[in-house]
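Dropping coords02.csv in here (CSV, C-alpha atoms):
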```csv
chain,number,residue,atom,x,y,z
A,759,MET,CA,127.4,113.3,73.1
A,760,TYR,CA,124.0,112.9,74.7
A,761,GLN,CA,122.6,113.1,78.2
A,762,LEU,CA,120.2,110.2,78.8
A,763,SER,CA,117.0,110.5,80.8
A,764,PRO,CA,116.2,107.6,83.2
A,765,LEU,CA,113.2,105.4,82.8
A,766,PHE,CA,111.6,103.9,86.0
A,767,THR,CA,109.9,100.7,87.0
A,768,TYR,CA,107.6,100.1,90.0
A,769,ASN,CA,108.5,97.0,92.0
A,770,LEU,CA,107.1,95.3,95.0
A,771,TRP,CA,110.6,95.4,96.6
A,772,GLY,CA,111.4,99.0,95.5
A,773,GLY,CA,112.6,101.7,97.9
A,774,LYS,CA,112.5,105.5,98.0
A,775,LYS,CA,116.1,106.4,97.0
A,776,LEU,CA,115.4,106.7,93.3
A,777,SER,CA,112.4,108.9,93.8
A,778,LYS,CA,114.6,111.3,95.9
A,779,ILE,CA,117.5,111.3,93.5
A,780,TYR,CA,115.4,112.1,90.5
A,781,GLN,CA,112.7,114.0,92.3
A,782,LYS,CA,109.8,111.7,91.3
A,783,LYS,CA,106.4,111.5,93.0
A,784,SER,CA,106.3,107.7,93.4
A,785,THR,CA,108.0,106.3,96.5
A,786,GLN,CA,108.5,102.7,95.3
A,787,TYR,CA,110.6,102.6,92.2
A,788,GLY,CA,113.0,99.6,92.2
A,789,GLU,CA,114.9,100.4,89.0
A,790,ALA,CA,116.0,103.4,87.0
A,791,TRP,CA,117.1,102.3,83.5
A,792,ILE,CA,119.8,104.8,82.8
A,793,LEU,CA,121.0,103.4,79.5
A,794,SER,CA,118.7,101.2,77.5
A,795,CYS,CA,117.9,100.5,73.8
A,796,LEU,CA,115.2,97.9,74.3
A,797,LYS,CA,111.9,98.4,72.6
A,798,GLU,CA,109.8,98.9,75.7
A,799,MET,CA,112.4,100.8,77.7
A,800,ASN,CA,114.2,103.1,75.3
A,801,SER,CA,116.4,105.9,76.8
A,802,PRO,CA,115.2,109.4,75.9
A,803,ILE,CA,117.7,112.0,74.8
A,804,SER,CA,117.4,115.7,74.0
A,805,LYS,CA,115.2,117.1,71.1
A,806,GLY,CA,112.6,114.4,71.4
A,807,LYS,CA,114.8,111.6,70.1
A,808,SER,CA,115.9,108.4,71.8
A,809,LEU,CA,119.0,106.3,72.0
A,810,LYS,CA,117.3,103.8,69.8
A,811,ASP,CA,116.7,106.5,67.1
A,812,LEU,CA,120.4,107.2,67.1
A,813,PHE,CA,121.3,103.6,66.9
A,814,ASN,CA,118.8,102.8,64.1
A,815,GLN,CA,120.3,105.8,62.1
A,816,ASN,CA,123.9,104.7,62.6
A,817,LYS,CA,125.0,101.5,64.3
A,818,ASN,CA,128.6,102.8,64.3
A,819,ILE,CA,127.7,104.8,67.5
A,820,VAL,CA,128.4,101.4,69.2
A,821,LYS,CA,131.7,100.8,67.3
A,822,LYS,CA,133.0,101.0,63.8
A,823,GLY,CA,131.3,98.3,61.6
A,824,TYR,CA,129.0,97.2,64.4
A,825,LYS,CA,126.1,94.8,63.4
A,826,GLY,CA,123.4,93.4,65.6
A,827,ASP,CA,121.3,94.7,68.5
A,828,PHE,CA,122.5,97.4,70.9
A,829,PRO,CA,124.8,95.4,73.3
A,830,LEU,CA,124.4,96.8,76.8
A,831,LEU,CA,121.8,97.8,79.4
A,832,ILE,CA,122.6,99.8,82.6
A,833,LYS,CA,120.4,100.3,85.6
A,834,LEU,CA,120.4,101.7,89.1
A,835,ILE,CA,118.6,99.3,91.5
A,836,ASP,CA,117.2,100.2,95.0
A,837,ALA,CA,116.1,97.2,97.0
A,838,ASN,CA,114.0,97.9,100.0
A,839,ASP,CA,113.4,94.2,100.3
A,840,ASP,CA,115.0,91.0,98.9
A,841,LEU,CA,114.5,90.5,95.2
A,842,SER,CA,113.3,87.2,93.9
A,843,ILE,CA,115.8,84.3,93.8
A,844,GLN,CA,116.5,84.1,90.1
A,845,VAL,CA,118.8,83.0,87.3
A,846,HIS,CA,119.7,84.1,83.8
A,847,PRO,CA,120.3,82.0,80.7
A,848,GLU,CA,123.5,82.2,78.5
A,849,VAL,CA,122.5,85.5,76.8
A,850,LYS,CA,122.8,87.5,80.0
A,851,THR,CA,125.9,88.4,82.0
A,852,GLU,CA,125.6,91.0,84.8
A,853,PHE,CA,128.0,93.1,86.9
A,854,TRP,CA,127.0,94.7,90.2
A,855,HIS,CA,128.8,97.6,91.9
A,856,VAL,CA,127.4,98.3,95.4
A,857,LEU,CA,126.7,102.0,96.2
A,858,ASN,CA,124.9,101.9,99.6
A,859,LYS,CA,126.7,103.4,102.6
A,860,LYS,CA,125.4,100.8,105.1
A,861,PRO,CA,126.2,97.1,105.0
A,862,SER,CA,123.7,94.8,103.2
A,863,HIS,CA,123.7,91.4,101.6
A,864,LEU,CA,123.4,89.5,98.3
A,865,TYR,CA,122.4,85.9,97.5
A,866,MET,CA,124.9,84.3,95.1
A,867,GLY,CA,125.4,80.7,94.2
A,868,PHE,CA,125.1,77.5,96.2
A,869,LYS,CA,126.9,76.8,99.4
A,870,LYS,CA,127.8,73.3,98.3
A,871,ASN,CA,127.4,71.1,95.2
A,872,THR,CA,123.8,70.1,94.5
A,873,ASN,CA,121.7,68.8,91.6
A,874,ARG,CA,118.4,69.4,89.9
A,875,SER,CA,116.3,66.9,91.9
A,876,GLN,CA,117.5,68.3,95.2
A,877,ILE,CA,116.6,71.8,94.2
A,878,GLU,CA,113.2,70.7,92.9
A,879,LYS,CA,112.5,69.2,96.3
A,880,ILE,CA,113.6,72.3,98.2
A,881,LEU,CA,111.4,74.5,96.0
A,882,LYS,CA,108.4,72.4,96.8
A,883,ASN,CA,109.0,72.1,100.5
A,884,GLY,CA,111.0,75.0,101.8
A,885,ASP,CA,113.1,78.2,101.5
A,886,ILE,CA,115.8,77.9,98.9
A,887,THR,CA,117.8,80.8,100.4
A,888,LYS,CA,119.1,78.5,103.1
A,889,SER,CA,121.0,76.6,100.4
A,890,LEU,CA,122.6,79.8,99.0
A,891,ASN,CA,125.6,81.9,99.9
A,892,HIS,CA,124.6,85.0,101.9
A,893,VAL,CA,127.3,87.6,101.0
A,894,ALA,CA,127.7,90.6,103.2
A,895,VAL,CA,128.5,93.7,101.1
A,896,LYS,CA,129.3,97.3,101.5
A,897,GLU,CA,130.0,100.4,99.3
A,898,GLY,CA,132.5,99.7,96.6
A,899,ASP,CA,132.1,95.9,96.5
A,900,SER,CA,131.7,94.5,92.9
A,901,PHE,CA,130.6,91.1,91.5
A,902,LEU,CA,130.4,89.6,88.1
A,903,ILE,CA,127.2,87.4,87.8
A,904,LYS,CA,127.7,84.8,85.1
A,905,PRO,CA,124.8,83.0,83.3
A,906,GLY,CA,123.5,80.1,85.3
A,907,THR,CA,124.4,81.6,88.7
A,908,ILE,CA,121.4,81.6,91.0
A,909,HIS,CA,121.3,85.0,92.7
A,910,ALA,CA,119.4,87.9,94.2
A,911,ILE,CA,120.0,91.4,95.4
A,912,GLY,CA,119.3,91.7,99.2
A,913,LYS,CA,117.3,94.0,101.3
A,914,HIS,CA,118.6,97.6,101.6
A,915,THR,CA,121.1,97.3,98.7
A,916,PHE,CA,121.6,100.1,96.2
A,917,LEU,CA,123.8,99.4,93.2
A,918,ILE,CA,124.6,100.0,89.6
A,919,GLU,CA,124.1,97.1,87.3
A,920,ILE,CA,125.8,96.7,83.9
A,921,GLN,CA,124.6,93.8,81.8
A,922,ARG,CA,124.2,92.5,78.3
A,923,SER,CA,121.1,93.9,76.7
A,924,ALA,CA,118.7,91.0,77.3
A,925,ASP,CA,115.8,91.5,79.7
A,926,VAL,CA,115.4,87.7,80.5
A,927,THR,CA,115.0,86.6,84.1
A,928,TYR,CA,113.8,83.3,85.4
A,929,ARG,CA,112.3,83.5,89.0
A,930,LEU,CA,112.5,80.4,91.2
A,931,TYR,CA,111.4,81.8,94.6
A,932,ASP,CA,109.7,85.1,95.5
A,933,PHE,CA,109.3,84.8,99.3
A,934,ASN,CA,105.5,84.2,98.8
A,935,ARG,CA,104.9,87.9,98.2
A,936,VAL,CA,101.7,89.2,96.7
A,937,ASP,CA,100.8,92.4,94.9
A,938,LYS,CA,98.1,94.9,95.9
A,939,TYR,CA,95.6,92.5,94.2
A,940,GLY,CA,96.7,89.6,96.3
A,941,LYS,CA,98.4,87.8,93.4
A,942,LYS,CA,101.8,86.2,93.5
A,943,ARG,CA,104.3,87.0,90.7
A,944,GLU,CA,104.9,84.4,88.0
A,945,LEU,CA,107.7,81.9,88.6
A,946,HIS,CA,109.7,80.2,85.8
A,947,ILE,CA,110.9,77.1,87.6
A,948,ALA,CA,111.0,74.8,84.6
A,949,GLN,CA,113.1,77.3,82.5
A,950,ALA,CA,115.4,78.0,85.5
A,951,LEU,CA,116.2,74.4,86.3
A,952,LYS,CA,117.5,73.9,82.8
A,953,VAL,CA,120.1,76.7,83.0
A,954,ILE,CA,121.2,76.7,86.7
A,955,ASN,CA,124.9,75.9,87.6
A,956,TYR,CA,124.4,73.4,90.4
A,957,GLN,CA,128.1,73.5,91.6
A,958,LYS,CA,129.3,75.2,94.7
A,959,LEU,CA,130.2,78.8,94.0
A,960,PRO,CA,133.4,80.3,95.5
A,961,ILE,CA,132.6,84.0,96.1
A,962,LYS,CA,134.9,86.3,94.1
A,963,ARG,CA,134.7,89.9,95.3
A,964,ASN,CA,136.3,92.2,92.8
A,965,LYS,CA,138.9,94.4,94.5
A,966,PRO,CA,138.4,98.2,94.3
A,967,SER,CA,140.5,99.5,91.5
A,968,LYS,CA,140.4,101.7,88.4
A,969,VAL,CA,139.2,98.7,86.3
A,970,LEU,CA,136.3,97.2,88.2
A,971,VAL,CA,135.7,94.4,85.7
A,972,LYS,CA,136.8,93.3,82.2
A,973,CYS,CA,134.8,90.5,80.5
A,974,PRO,CA,134.1,89.6,76.9
A,975,PHE,CA,131.0,91.8,76.8
A,976,PHE,CA,132.0,95.1,78.6
A,977,THR,CA,134.7,96.8,80.7
A,978,VAL,CA,133.8,98.9,83.7
A,979,TYR,CA,136.1,101.6,85.0
A,980,GLN,CA,135.8,103.7,88.2
A,981,GLU,CA,137.1,107.2,87.5
A,982,LEU,CA,138.1,109.7,90.2
A,983,ILE,CA,138.3,113.2,88.6
A,984,LYS,CA,140.1,115.6,90.9
A,985,LYS,CA,140.3,118.6,88.6
A,986,SER,CA,140.3,117.7,84.9
A,987,GLN,CA,140.8,114.5,82.9
A,988,SER,CA,140.5,113.7,79.2
A,989,PHE,CA,139.4,110.4,77.5
A,990,ILE,CA,139.2,109.3,73.9
A,991,ALA,CA,136.1,107.6,72.4
A,992,ASP,CA,137.8,105.8,69.5
A,993,ASP,CA,136.1,103.7,66.9
A,994,LYS,CA,136.3,100.5,69.1
A,995,SER,CA,133.6,101.5,71.5
A,996,PHE,CA,131.2,104.1,72.8
A,997,HIS,CA,131.6,105.4,76.4
A,998,SER,CA,128.8,105.5,78.9
A,999,LEU,CA,129.4,107.8,81.9
A,1000,THR,CA,127.4,107.8,85.1
A,1001,VAL,CA,128.2,110.2,87.9
A,1002,LEU,CA,128.2,108.7,91.4
A,1003,SER,CA,129.2,111.8,93.4
A,1004,GLY,CA,130.4,115.3,92.9
A,1005,LYS,CA,129.7,118.0,90.2
A,1006,GLY,CA,131.4,119.3,87.1
A,1007,ASN,CA,131.2,119.5,83.3
A,1008,ILE,CA,131.9,117.3,80.4
A,1009,GLU,CA,133.2,119.0,77.3
A,1010,LEU,CA,133.5,117.7,73.7
A,1011,GLY,CA,134.4,120.4,71.2
A,1012,LYS,CA,132.0,123.3,71.8
A,1013,GLN,CA,129.5,121.1,73.5
A,1014,ILE,CA,129.3,121.3,77.3
A,1015,ILE,CA,127.0,119.2,79.6
A,1016,LYS,CA,126.7,120.0,83.3
A,1017,LEU,CA,127.1,116.9,85.6
A,1018,LYS,CA,125.6,116.1,88.9
A,1019,PRO,CA,125.1,112.8,90.8
A,1020,PHE,CA,123.5,110.0,88.8
A,1021,ASP,CA,123.5,111.9,85.5
A,1022,THR,CA,124.3,109.6,82.6
A,1023,VAL,CA,126.0,110.7,79.3
A,1024,PHE,CA,126.5,108.6,76.2
A,1025,VAL,CA,129.5,109.4,74.0
A,1026,PRO,CA,129.3,107.6,70.6
A,1027,ALA,CA,132.2,105.7,69.3
A,1028,SER,CA,134.7,107.7,67.1
A,1029,GLU,CA,133.7,111.1,68.7
A,1030,GLY,CA,137.3,111.5,69.8
A,1031,LYS,CA,138.7,113.4,72.8
A,1032,TYR,CA,136.4,114.7,75.5
A,1033,THR,CA,137.2,116.3,78.9
A,1034,ILE,CA,135.6,116.0,82.3
A,1035,LYS,CA,136.2,118.9,84.7
A,1036,GLY,CA,135.4,119.2,88.4
A,1037,GLN,CA,135.6,116.9,91.3
A,1038,LEU,CA,133.6,113.7,90.5
A,1039,LYS,CA,133.5,110.0,91.0
A,1040,LEU,CA,131.9,108.2,88.1
A,1041,ILE,CA,131.5,104.8,86.4
A,1042,ARG,CA,132.7,104.6,82.8
A,1043,VAL,CA,131.6,101.7,80.7
A,1044,THR,CA,133.0,100.6,77.3
A,1045,LEU,CA,132.9,97.4,75.2
```

Represent the structure of the file as structure tokens.
Amino acid sequence: MYQLSPLFTYNLWGGKKLSKIYQKKSTQYGEAWILSCLKEMNSPISKGKSLKDLFNQNKNIVKKGYKGDFPLLIKLIDANDDLSIQVHPEVKTEFWHVLNKKPSHLYMGFKKNTNRSQIEKILKNGDITKSLNHVAVKEGDSFLIKPGTIHAIGKHTFLIEIQRSADVTYRLYDFNRVDKYGKKRELHIAQALKVINYQKLPIKRNKPSKVLVKCPFFTVYQELIKKSQSFIADDKSFHSLTVLSGKGNIELGKQIIKLKPFDTVFVPASEGKYTIKGQLKLIRVTL
């Protein structure tokens, strides 16, 4: 098993929470990529290697007989301001699990059925957020964001995001923000309009439970360890473990890794039984 080091991105909308958690100097990180096998953002592990090195050496770390690219990407996101209104194409499904203590909000789907021409007109003349569901959220709320769903994380939201490993985002509206050079960020309206689901979206808030979500691409578990609990990483999937609160150890054979809040550990497929000891709350992700 391997402890993964986070990778950080500076964002106009980023907050200070990630800098405090990971003791970084910058005060405006928006994202910590805690499990990534993408070329530009490749999770470091011990002994100078990376997750991608492990994967390239043996794709069976994902599951027995696995072929293709590494399947998942996991991030912590700290929004000090609203993110851009965006949409993803078919290759990207996301899951959000809210971690902030104080209430905040998300934008998710249209309030009523609409069509491409109506949205094009709104984008030219006004604020598209008025056409979207504003969803009040609090700690523990979870949502599955399917491809084509227009969405954005709202101001003062801190969450963990599990998604298919495809860094593809089409921005439609960015609140007319500019960077330190006075430039607006690029929008991708033509691409977005082709993939948007224009139907009214009923809001489905996943109820708190052990299994937070199960979809064709991943399963997310919320684990509450009171003293000691064992799991088995069989040949069907790796396990990704991210501590949300508490402290303890994870043990696999003679290997022991100490755990504290927001540490992430990767347990390859077929590693067998491992045990977590302590009092911890964590997110466990498998295929």

| query | Which neighbours of segment 833-837 of chain A fall inside 7 Å, counting only C-alpha atoms, when residues of the same chain fewer than 4 positions from it are skipped, and could you give them as a ChimeraX atom specification? | reply | /A:771-773,775-776,788-793,912-920

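Of the residues under consideration (A:Thr1033, A:Asn934, A:Gln957, A:Ser784), A:Thr1033 shows the shortest atom-to-atom contact distance to Ser988 of chain A when counting all atoms listed in the file.
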
Show me, as a tab-separated table, the residues of segment 795-837 of chain A having an atom within 10 Å of segment 997-1004 of chain A, each with the closest atom pair and its distance in Å, using all atoms listed in the file.
```
residue	atom	partner	partner_atom	distance
A:Ile819	CA	A:His997	CA	9.7
A:Val820	CA	A:His997	CA	8.8
A:Leu830	CA	A:Ser998	CA	10.0
A:Ile832	CA	A:Ser998	CA	9.2
```

| said: Report, in Å with one decimal, the straight-line distance from atom CA of Met759 of chain A to atom CA of Asn816 of chain A. | reply: 14.0 Å

| said: Env of segment 878-884 of chain A: 8 Å cut, atoms = only C-alpha atoms, seq-sep filter 2 positions within chain, self excluded. Answer as number ranges by chain. | reply: A: 874-876, 886, 930-931

File of the preceding selection, C-alpha atoms, as an mmCIF file, keeping the file's coordinate frame:
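Once everything was written out, this is part_18.cif:
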```
data_model
loop_
_atom_site.group_PDB
_atom_site.id
_atom_site.type_symbol
_atom_site.label_atom_id
_atom_site.label_comp_id
_atom_site.auth_asym_id
_atom_site.auth_seq_id
_atom_site.Cartn_x
_atom_site.Cartn_y
_atom_site.Cartn_z
ATOM 1 C CA ARG A 874 118.400 69.400 89.900
ATOM 2 C CA SER A 875 116.300 66.900 91.900
ATOM 3 C CA GLN A 876 117.500 68.300 95.200
ATOM 4 C CA ILE A 886 115.800 77.900 98.900
ATOM 5 C CA LEU A 930 112.500 80.400 91.200
ATOM 6 C CA TYR A 931 111.400 81.800 94.600
#
```

| request: Could you please determine the separation between atom CA of Leu796 of chain A and atom CA of His909 of chain A in Å, to one decimal place? | output: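 About the pair atom CA of Leu796 of chain A and atom CA of His909 of chain A: they are 23.3 Å apart.
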
| For Ile990 of chain A: contacts at 8 Å, all atoms listed in the file, fewer than 2 positions along chain excluded, given as a PyMOL selection string | chain A and resi 988+992+1029-1032

| said: List as number ranges by chain the protein and nucleic acid residues near segment 966-979 of chain A, meaning an atom at most 12 Å away when all atoms listed in the file are counted, but skip any in the same chain fewer than 2 places from it. | reply: A: 820, 828-832, 849-856, 896-904, 918-923, 962-964, 981-983, 994-1000, 1039-1045

| field | Given all atoms listed in the file as the counted atoms, nearest of A:Lys870, A:Lys958, A:Lys1005, A:Lys888 to Asp1021 of chain A | value |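 Using all atoms listed in the file, Asp1021 of chain A sits closest to A:Lys1005.
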
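Taking only C-alpha atoms into account, the residues near (121.0, 112.6, 81.3), no farther than 10 Å, are Tyr760, Gln761, Leu762, Ser763, Pro764, Ile792, Leu793, Ser801, Pro802, Ile803, Ser804, Leu999, Thr1000, Ile1015, Lys1016, Leu1017, Lys1018, Phe1020, Asp1021, Thr1022, Val1023 and Phe1024 of chain A.
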
| Which is closest to Ala924 of chain A among A:Asp937, A:Glu848, A:Asp839, A:Glu1009, if we use only C-alpha atoms? | A:Glu848

| Of the listed residues A:Gly867, A:Gly806, A:Gly823, A:Pro847, that which approaches Ala950 of chain A most closely, counting all atoms listed in the file |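 Nearest to Ala950 of chain A: A:Pro847.
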
| task | Write out as a list of chain:residue names each polymer residue whose atoms come within 12 Å of Lys942 of chain A, counting all atoms listed in the file; drop sequence neighbours fewer than 5 positions from it. | result |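 Counting only the stated atoms, we get A:Leu770, A:Ser842, A:Arg929, A:Tyr931, A:Asp932, A:Phe933, A:Asn934, A:Arg935, A:Val936, A:Asp937.
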
| Quick one, how far is atom CA of Tyr768 of chain A from atom CA of Val926 of chain A? |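 Result for atom CA of Tyr768 of chain A versus atom CA of Val926 of chain A: 17.5 Å, one decimal.
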